[in-house]
>>> print(open('start_20.tsv').read())   # TSV, C-alpha atoms and all ligand atoms
chain	number	residue	atom	x	y	z
A	6	MET	CA	-70.14	-28.70	25.79
A	7	ILE	CA	-69.01	-27.78	22.29
A	8	GLU	CA	-71.35	-28.79	19.47
A	9	ILE	CA	-70.37	-28.70	15.83
A	10	ASN	CA	-73.52	-29.11	13.78
A	11	ASP	CA	-73.38	-29.87	10.03
A	12	VAL	CA	-70.35	-27.61	9.60
A	13	SER	CA	-68.69	-27.23	6.20
A	14	LYS	CA	-66.09	-24.79	4.94
A	15	MET	CA	-65.76	-24.17	1.23
A	16	PHE	CA	-62.82	-22.44	-0.42
A	17	GLY	CA	-64.32	-21.79	-3.82
A	18	GLU	CA	-65.57	-25.19	-5.03
A	19	PHE	CA	-63.35	-27.09	-2.61
A	20	ALA	CA	-64.75	-28.44	0.67
A	21	ALA	CA	-61.87	-28.17	3.19
A	22	VAL	CA	-64.33	-29.28	5.88
A	23	ASP	CA	-67.24	-31.39	4.75
A	24	ASN	CA	-70.37	-31.63	6.90
A	25	VAL	CA	-68.75	-32.27	10.27
A	26	ASN	CA	-70.86	-33.15	13.30
A	27	LEU	CA	-69.13	-33.43	16.66
A	28	LYS	CA	-69.90	-33.10	20.34
A	29	ILE	CA	-67.04	-32.35	22.72
A	30	GLN	CA	-67.90	-32.79	26.41
A	31	ASP	CA	-66.47	-30.62	29.21
A	32	GLY	CA	-63.13	-31.95	30.39
A	33	GLU	CA	-62.65	-34.01	27.25
A	34	PHE	CA	-59.13	-34.35	25.90
A	35	LEU	CA	-59.60	-34.72	22.19
A	36	GLY	CA	-57.02	-35.21	19.46
A	37	LEU	CA	-57.87	-34.37	15.86
A	38	LEU	CA	-55.77	-36.80	13.90
A	39	GLY	CA	-55.29	-36.64	10.17
A	40	PRO	CA	-52.68	-36.20	7.41
A	41	ASN	CA	-51.60	-32.86	5.95
A	42	GLY	CA	-54.50	-31.08	4.32
A	43	ALA	CA	-57.17	-33.16	6.12
A	44	GLY	CA	-58.92	-30.03	7.41
A	45	LYS	CA	-57.72	-29.94	11.03
A	46	THR	CA	-56.54	-26.32	11.08
A	47	THR	CA	-59.69	-25.17	9.30
A	48	ILE	CA	-61.81	-26.85	12.01
A	49	ILE	CA	-59.76	-25.14	14.76
A	50	LYS	CA	-60.06	-21.77	13.02
A	51	MET	CA	-63.84	-22.14	12.91
A	52	LEU	CA	-63.97	-23.25	16.55
A	53	THR	CA	-62.02	-20.18	17.60
A	54	GLY	CA	-64.08	-17.78	15.51
A	55	LEU	CA	-61.27	-16.94	13.07
A	56	LEU	CA	-63.15	-18.43	10.12
A	57	LYS	CA	-66.89	-18.47	9.56
A	58	PRO	CA	-68.35	-21.83	8.52
A	59	THR	CA	-69.86	-21.76	5.03
A	60	THR	CA	-72.76	-23.79	6.41
A	61	GLY	CA	-73.61	-25.14	9.83
A	62	THR	CA	-73.22	-23.80	13.35
A	63	ILE	CA	-70.88	-24.13	16.30
A	64	TYR	CA	-72.21	-23.78	19.85
A	65	VAL	CA	-70.28	-23.49	23.10
A	66	ASP	CA	-72.59	-24.24	26.04
A	67	GLY	CA	-75.54	-23.32	23.86
A	68	GLU	CA	-74.03	-19.99	22.70
A	69	LYS	CA	-73.41	-19.59	18.99
A	70	MET	CA	-69.73	-19.07	18.15
A	71	SER	CA	-68.91	-16.09	15.98
A	72	ARG	CA	-65.98	-13.80	15.33
A	73	ASN	CA	-67.46	-11.20	17.71
A	74	ASN	CA	-68.69	-13.42	20.51
A	75	MET	CA	-66.39	-12.11	23.25
A	76	LYS	CA	-68.24	-14.06	25.93
A	77	ILE	CA	-67.02	-17.33	24.39
A	78	LYS	CA	-63.67	-15.93	23.29
A	79	LYS	CA	-62.81	-15.03	26.90
A	80	ARG	CA	-63.29	-18.67	27.85
A	81	ILE	CA	-60.94	-20.09	25.23
A	82	GLY	CA	-57.19	-20.17	24.84
A	83	VAL	CA	-55.62	-20.69	21.43
A	84	VAL	CA	-52.16	-21.92	20.50
A	85	PRO	CA	-51.91	-21.42	16.74
A	86	GLN	CA	-49.68	-23.43	14.42
A	87	TYR	CA	-47.40	-20.45	13.74
A	88	THR	CA	-45.93	-18.08	16.30
A	89	ASN	CA	-48.10	-15.35	17.78
A	90	LEU	CA	-45.30	-13.92	19.94
A	91	ASP	CA	-43.61	-10.57	19.62
A	92	LYS	CA	-40.08	-11.69	18.77
A	93	GLU	CA	-38.51	-8.43	20.00
A	94	LEU	CA	-40.03	-8.74	23.48
A	95	THR	CA	-38.74	-11.02	26.21
A	96	ALA	CA	-40.71	-14.07	27.29
A	97	TYR	CA	-41.85	-12.15	30.39
A	98	GLU	CA	-42.85	-9.06	28.39
A	99	ASN	CA	-44.85	-11.19	25.96
A	100	LEU	CA	-46.86	-12.49	28.90
A	101	ILE	CA	-47.33	-9.00	30.41
A	102	PHE	CA	-48.65	-7.83	27.03
A	103	ALA	CA	-51.14	-10.73	26.92
A	104	ALA	CA	-52.18	-10.15	30.56
A	105	LYS	CA	-52.86	-6.47	29.88
A	106	LEU	CA	-55.00	-7.33	26.87
A	107	PHE	CA	-57.20	-9.41	29.19
A	108	LYS	CA	-57.04	-6.72	31.92
A	109	ILE	CA	-55.75	-9.24	34.46
A	110	LYS	CA	-55.13	-7.47	37.77
A	111	ASP	CA	-52.79	-9.76	39.65
A	112	TYR	CA	-50.79	-10.61	36.57
A	113	LYS	CA	-47.36	-10.91	38.23
A	114	ASN	CA	-48.37	-13.97	40.23
A	115	LYS	CA	-50.15	-15.46	37.24
A	116	ILE	CA	-47.09	-14.98	35.02
A	117	GLU	CA	-44.74	-16.52	37.62
A	118	GLU	CA	-47.08	-19.46	37.98
A	119	LEU	CA	-47.19	-20.01	34.20
A	120	LEU	CA	-43.42	-19.61	33.80
A	121	THR	CA	-42.94	-22.33	36.44
A	122	PHE	CA	-45.54	-24.60	34.82
A	123	MET	CA	-43.81	-24.18	31.43
A	124	GLU	CA	-40.27	-24.57	32.86
A	125	LEU	CA	-39.38	-21.18	31.46
A	126	GLU	CA	-38.37	-19.31	34.62
A	127	LYS	CA	-34.67	-19.34	33.73
A	128	HIS	CA	-35.42	-17.98	30.27
A	129	LYS	CA	-37.95	-15.29	31.11
A	130	ASN	CA	-35.60	-12.43	30.24
A	131	LYS	CA	-34.63	-13.82	26.84
A	132	LYS	CA	-36.15	-12.24	23.77
A	133	ALA	CA	-38.69	-14.53	22.11
A	134	MET	CA	-36.48	-14.62	19.01
A	135	ASN	CA	-33.71	-16.26	21.06
A	136	LEU	CA	-35.81	-19.09	22.49
A	137	SER	CA	-35.50	-22.64	21.18
A	138	GLY	CA	-38.45	-24.08	19.22
A	139	GLY	CA	-39.68	-26.00	22.26
A	140	MET	CA	-39.39	-22.97	24.58
A	141	GLU	CA	-41.16	-20.78	22.06
A	142	ARG	CA	-44.05	-23.24	21.84
A	143	ARG	CA	-44.24	-23.42	25.67
A	144	LEU	CA	-44.36	-19.64	25.84
A	145	MET	CA	-47.22	-19.68	23.31
A	146	ILE	CA	-49.04	-22.14	25.57
A	147	ALA	CA	-48.42	-19.88	28.59
A	148	LYS	CA	-49.82	-16.97	26.60
A	149	ALA	CA	-52.94	-19.00	25.76
A	150	LEU	CA	-53.45	-19.80	29.46
A	151	ILE	CA	-53.00	-16.25	30.78
A	152	ASN	CA	-56.72	-15.65	31.28
A	153	ASP	CA	-57.28	-19.09	32.79
A	154	PRO	CA	-59.51	-20.37	29.96
A	155	ASP	CA	-61.50	-23.55	30.47
A	156	ILE	CA	-61.23	-24.57	26.78
A	157	ILE	CA	-57.86	-24.76	25.02
A	158	PHE	CA	-57.26	-25.31	21.30
A	159	LEU	CA	-53.76	-26.18	20.15
A	160	ASP	CA	-52.87	-26.55	16.48
A	161	GLU	CA	-49.94	-28.98	16.10
A	162	PRO	CA	-48.35	-28.01	19.44
A	163	THR	CA	-45.40	-30.36	19.01
A	164	VAL	CA	-44.65	-30.16	15.30
A	165	GLY	CA	-40.97	-29.56	14.55
A	166	ILE	CA	-39.94	-30.01	18.20
A	167	ASP	CA	-37.35	-32.61	19.25
A	168	LEU	CA	-38.41	-35.58	21.37
A	169	ASN	CA	-37.27	-34.05	24.65
A	170	GLY	CA	-39.18	-30.86	23.89
A	171	ARG	CA	-42.23	-32.84	22.84
A	172	ARG	CA	-42.16	-34.76	26.12
A	173	LYS	CA	-42.19	-31.47	28.06
A	174	ILE	CA	-45.20	-30.32	26.05
A	175	TRP	CA	-46.92	-33.66	26.68
A	176	ASP	CA	-46.48	-33.09	30.44
A	177	ILE	CA	-47.99	-29.64	30.10
A	178	LEU	CA	-50.94	-31.06	28.15
A	179	LYS	CA	-51.39	-33.77	30.79
A	180	GLY	CA	-51.30	-31.03	33.44
A	181	MET	CA	-54.13	-29.22	31.65
A	182	LYS	CA	-56.06	-32.48	31.49
A	183	ALA	CA	-55.56	-32.97	35.24
A	184	MET	CA	-56.91	-29.46	35.84
A	185	GLY	CA	-60.12	-30.53	34.12
A	186	LYS	CA	-59.76	-28.23	31.14
A	187	THR	CA	-61.34	-29.14	27.82
A	188	VAL	CA	-58.42	-29.63	25.45
A	189	LEU	CA	-58.60	-30.07	21.71
A	190	PHE	CA	-55.42	-30.37	19.72
A	191	THR	CA	-54.44	-31.35	16.21
A	192	THR	CA	-51.59	-33.67	15.44
A	193	HIS	CA	-50.29	-35.96	12.82
A	194	TYR	CA	-48.15	-37.81	15.34
A	195	ILE	CA	-50.12	-41.00	15.91
A	196	GLU	CA	-48.36	-42.07	19.11
A	197	GLU	CA	-49.02	-38.66	20.61
A	198	ALA	CA	-52.77	-38.95	20.09
A	199	ASP	CA	-52.70	-42.51	21.39
A	200	TYR	CA	-50.70	-41.60	24.49
A	201	LEU	CA	-52.47	-38.42	25.50
A	202	CYS	CA	-56.07	-38.39	24.38
A	203	ASN	CA	-59.16	-39.85	25.94
A	204	GLN	CA	-60.92	-39.33	22.61
A	205	VAL	CA	-59.54	-39.27	19.09
A	206	CYS	CA	-61.19	-37.91	15.96
A	207	LEU	CA	-59.98	-39.40	12.71
A	208	ILE	CA	-60.14	-36.87	9.89
A	209	ASN	CA	-59.59	-37.37	6.18
A	210	ASN	CA	-60.54	-35.18	3.21
A	211	GLY	CA	-62.42	-32.74	5.46
A	212	ARG	CA	-64.57	-35.46	7.00
A	213	VAL	CA	-64.58	-36.75	10.56
A	214	PHE	CA	-65.21	-40.43	10.16
A	215	LYS	CA	-64.69	-41.65	13.73
A	216	LYS	CA	-64.64	-40.24	17.26
A	217	GLU	CA	-63.77	-42.79	19.89
A	218	THR	CA	-61.31	-43.68	22.62
A	219	PRO	CA	-57.98	-44.89	21.18
A	220	GLU	CA	-58.48	-48.24	22.95
A	221	LYS	CA	-61.91	-48.84	21.43
A	222	LEU	CA	-60.70	-47.93	17.94
A	223	LYS	CA	-57.90	-50.49	18.19
A	224	ASN	CA	-60.03	-53.17	19.89
A	225	ASP	CA	-62.78	-52.87	17.32
A	226	LEU	CA	-60.31	-53.47	14.52
A	227	GLY	CA	-58.54	-56.31	16.33
A	228	ILE	CA	-55.81	-55.93	18.92
A	229	TYR	CA	-53.21	-57.96	16.94
A	230	THR	CA	-52.04	-57.14	13.46
A	231	VAL	CA	-50.42	-59.55	11.04
A	232	GLU	CA	-48.33	-57.52	8.62
A	233	TYR	CA	-46.94	-59.68	5.85
A	234	PHE	CA	-45.05	-59.16	2.63
A	235	ASP	CA	-46.22	-61.43	-0.19
A	236	SER	CA	-44.59	-62.88	-3.31
A	237	GLU	CA	-46.15	-60.07	-5.39
A	238	MET	CA	-44.05	-57.58	-3.39
A	239	LYS	CA	-47.04	-56.16	-1.57
A	240	THR	CA	-47.50	-55.51	2.16
A	241	ASN	CA	-50.80	-56.80	3.56
A	242	TYR	CA	-52.48	-56.27	6.91
A	243	GLU	CA	-54.93	-58.55	8.73
A	244	TYR	CA	-56.38	-57.90	12.18
A	245	PHE	CA	-57.23	-60.37	14.96
A	246	LYS	CA	-58.83	-60.31	18.39
A	247	ASP	CA	-56.10	-62.53	19.89
A	248	LYS	CA	-52.55	-63.70	19.19
A	249	ASP	CA	-53.67	-67.30	18.59
A	250	GLY	CA	-55.87	-66.19	15.71
A	251	ALA	CA	-52.99	-64.18	14.24
A	252	GLU	CA	-50.59	-67.14	14.50
A	253	LYS	CA	-53.10	-69.57	12.99
A	254	TYR	CA	-53.64	-67.19	10.10
A	255	ILE	CA	-49.94	-66.79	9.31
A	256	SER	CA	-49.46	-70.57	9.34
A	257	SER	CA	-52.23	-70.92	6.76
A	258	ILE	CA	-50.88	-68.51	4.11
A	259	GLU	CA	-47.85	-68.02	1.91
A	260	TYR	CA	-45.58	-65.06	2.62
A	261	VAL	CA	-42.07	-63.77	2.07
A	262	SER	CA	-41.82	-62.22	5.55
A	263	TYR	CA	-44.20	-61.28	8.33
A	264	THR	CA	-44.56	-59.72	11.74
A	265	ILE	CA	-47.26	-60.08	14.39
A	266	ARG	CA	-47.59	-56.94	16.48
A	267	LYS	CA	-50.08	-54.89	18.49
A	268	THR	CA	-52.50	-52.85	16.39
A	269	THR	CA	-51.85	-49.08	16.35
A	270	LEU	CA	-54.01	-46.07	15.58
A	271	GLU	CA	-52.08	-45.83	12.30
A	272	ASP	CA	-53.54	-49.25	11.37
A	273	VAL	CA	-57.01	-48.01	12.28
A	274	PHE	CA	-56.56	-44.92	10.13
A	275	TYR	CA	-55.15	-46.92	7.23
A	276	ASN	CA	-57.95	-49.47	7.43
A	277	PHE	CA	-60.57	-46.74	7.09
A	278	THR	CA	-58.87	-44.54	4.51
A	279	ASN	CA	-56.25	-46.59	2.70
A	280	ARG	CA	-54.02	-43.68	3.59
A	281	LYS	CA	-51.28	-43.19	6.18
A	282	VAL	CA	-51.42	-40.27	8.60
A	283	VAL	CA	-47.73	-39.45	8.20
A	301	LIG	N1	-57.63	-19.98	2.78
A	301	LIG	C1	-57.62	-21.08	2.04
A	301	LIG	N2	-57.89	-21.01	0.72
A	301	LIG	C2	-57.93	-22.13	-0.05
A	301	LIG	N3	-57.70	-23.38	0.41
A	301	LIG	C3	-57.41	-23.51	1.73
A	301	LIG	C4	-57.37	-22.38	2.60
A	301	LIG	N4	-57.08	-22.83	3.86
A	301	LIG	C5	-56.94	-24.16	3.77
A	301	LIG	N5	-57.15	-24.57	2.48
A	301	LIG	C6	-57.11	-25.96	2.00
A	301	LIG	O1	-58.01	-26.71	2.79
A	301	LIG	C7	-57.48	-28.02	3.04
A	301	LIG	C8	-57.41	-28.26	4.53
A	301	LIG	O2	-56.39	-27.42	5.07
A	301	LIG	P1	-56.01	-27.43	6.63
A	301	LIG	O3	-54.92	-26.43	6.83
A	301	LIG	O4	-57.24	-27.29	7.41
A	301	LIG	O5	-55.44	-28.91	6.78
A	301	LIG	P2	-54.68	-29.57	7.99
A	301	LIG	O6	-55.31	-30.88	8.25
A	301	LIG	O7	-54.61	-28.63	9.13
A	301	LIG	O8	-53.24	-29.81	7.39
A	301	LIG	P3	-51.78	-29.48	7.99
A	301	LIG	O9	-51.48	-30.62	8.91
A	301	LIG	O10	-50.93	-29.48	6.77
A	301	LIG	O11	-51.85	-28.15	8.67
A	301	LIG	C9	-56.12	-28.06	2.34
A	301	LIG	O12	-56.30	-28.67	1.08
A	301	LIG	C10	-55.75	-26.60	2.20
A	301	LIG	O13	-54.93	-26.38	1.07
>>> encode(input="start_20.tsv", output="structure tokens")
Amino acid sequence: MIEINDVSKMFGEFAAVDNVNLKIQDGEFLGLLGPNGAGKTTIIKMLTGLLKPTTGTIYVDGEKMSRNNMKIKKRIGVVPQYTNLDKELTAYENLIFAAKLFKIKDYKNKIEELLTFMELEKHKNKKAMNLSGGMERRLMIAKALINDPDIIFLDEPTVGIDLNGRRKIWDILKGMKAMGKTVLFTTHYIEEADYLCNQVCLINNGRVFKKETPEKLKNDLGIYTVEYFDSEMKTNYEYFKDKDGAEKYISSIEYVSYTIRKTTLEDVFYNFTNRKVV
């Protein structure tokens, strides 16, 4: 289990992460969802020992996380937001380099297995600089998995990738979930968090203000949303437990236009923060 206890990160006077408390169970598949600047990357950097919390402590199975805690670091795989590949080396060579760093003996089999999992076999002899954005990201994921970690952190694994490429990454993430790994990833794609995660953390202004299953977050707010545009040129949102309630409501008010639709995580986020994720 990962425990984040009263963790804050200050940059000067500014709290990028503000007194976060979180427990992440083994095998959990957790999405950190929040707009740009919410503090997601800073949380990941502290979880992976790259940044030291200003206050508070992070424990992994009771061990305190720190920059030098190799025992924990060997158990985690990290896919950072920006490339960590050697652009001059081929995909295969990048993985050999990573395997040697971890002193993996039977690395050839491991690399073949990862290349198959990432659908990169046909591209293994291409230099990293010649891979598409999606392939590059999949190679970064392969690199993070080289030492078979049981905890994986991914910072915006699908940002800037086209839909087809994102779908491939979703399958890889689902594969990790099926293997029972603990996966924590950041995203500002709402539908991605909704589709993939069994738990979602909503983050705004450095604060985690909810951690729940996507279903419970939406049910608690009301499964149907009435979105209507009023005569003052303003869009309003009201939430209801059933469609009947939504229809009764719309027949009782004045509007210019309206729609009744299923509530999304974006609605949940907006309801709490008055701010959109994207
Ligand atoms: N080294 C730093 N020095 C000063 N401010 C920083 C530093 N790193 C991050 N910040 C600030 O902390 C806040 C949180 O940044 P962070 O990168 O964690 O957000 P994020 O949710 O990951 O956003 P994005 O989706 O844009 O990556 C931002 O306001 C950012 O400008």
>>> closest_atom_pairs(input="start_20.tsv", of="chain A", to="ligand LIG 301 (chain A)", cutoff="6 Å", atoms="all atoms listed in the file", output="tab-separated table")
residue	atom	partner	partner_atom	distance
A:Phe16	CA	A:LIG301	C2	4.9
A:Ala21	CA	A:LIG301	O1	4.1
A:Pro40	CA	A:LIG301	O9	5.9
A:Asn41	CA	A:LIG301	O10	3.5
A:Gly42	CA	A:LIG301	O5	3.4
A:Ala43	CA	A:LIG301	O6	3.6
A:Gly44	CA	A:LIG301	O4	3.2
A:Lys45	CA	A:LIG301	O6	3.8
A:Thr46	CA	A:LIG301	O7	3.6
A:Thr47	CA	A:LIG301	O4	3.8
>>> residues_near_point(input="start_20.tsv", point="(-60.5, -45.3, 19.8)", cutoff="9 Å", atoms="all atoms listed in the file", output="MDAnalysis selection string")
chainID A and resid 199 203:206 215:225 270 273
>>> atom_distance(input="start_20.tsv", atom1="CA of Asn130 (chain A)", atom2="CA of Leu159 (chain A)")
24.9 Å
>>> atom_distance(input="start_20.tsv", atom1="CA of Glu259 (chain A)", atom2="CA of Ser236 (chain A)")
8.0 Å
>>> residues_around(input="start_20.tsv", residues="Gly250 (chain A)", least_positions_apart="6", cutoff="10 Å", atoms="only C-alpha atoms", output="PyMOL selection string")
chain A and resi 229+231+244
>>> write_last_selection(input="start_20.tsv", atoms="C-alpha atoms", output="PDB file, keeping the file's coordinate frame")
ATOM      1  CA  TYR A 229     -53.210 -57.960  16.940  1.00  0.00           C
ATOM      2  CA  VAL A 231     -50.420 -59.550  11.040  1.00  0.00           C
ATOM      3  CA  TYR A 244     -56.380 -57.900  12.180  1.00  0.00           C
TER       4      TYR A 244
END
>>> closest_residue(input="start_20.tsv", among="A:Thr278, A:Thr187, A:Thr53, A:Asn210", to="Phe34 (chain A)", atoms="all atoms listed in the file")
A:Thr187
>>> residues_around(input="start_20.tsv", residues="Gly32 (chain A)", least_positions_apart="2", cutoff="10 Å", atoms="only C-alpha atoms", output="CSV table (one decimal) with C-alpha atoms, in the frame of the given file")
chain,number,residue,atom,x,y,z
A,6,MET,CA,-70.1,-28.7,25.8
A,29,ILE,CA,-67.0,-32.4,22.7
A,30,GLN,CA,-67.9,-32.8,26.4
A,34,PHE,CA,-59.1,-34.4,25.9
A,35,LEU,CA,-59.6,-34.7,22.2
A,155,ASP,CA,-61.5,-23.6,30.5
A,156,ILE,CA,-61.2,-24.6,26.8
A,181,MET,CA,-54.1,-29.2,31.6
A,182,LYS,CA,-56.1,-32.5,31.5
A,183,ALA,CA,-55.6,-33.0,35.2
A,184,MET,CA,-56.9,-29.5,35.8
A,185,GLY,CA,-60.1,-30.5,34.1
A,186,LYS,CA,-59.8,-28.2,31.1
A,187,THR,CA,-61.3,-29.1,27.8
A,188,VAL,CA,-58.4,-29.6,25.4
A,189,LEU,CA,-58.6,-30.1,21.7
A,203,ASN,CA,-59.2,-39.8,25.9
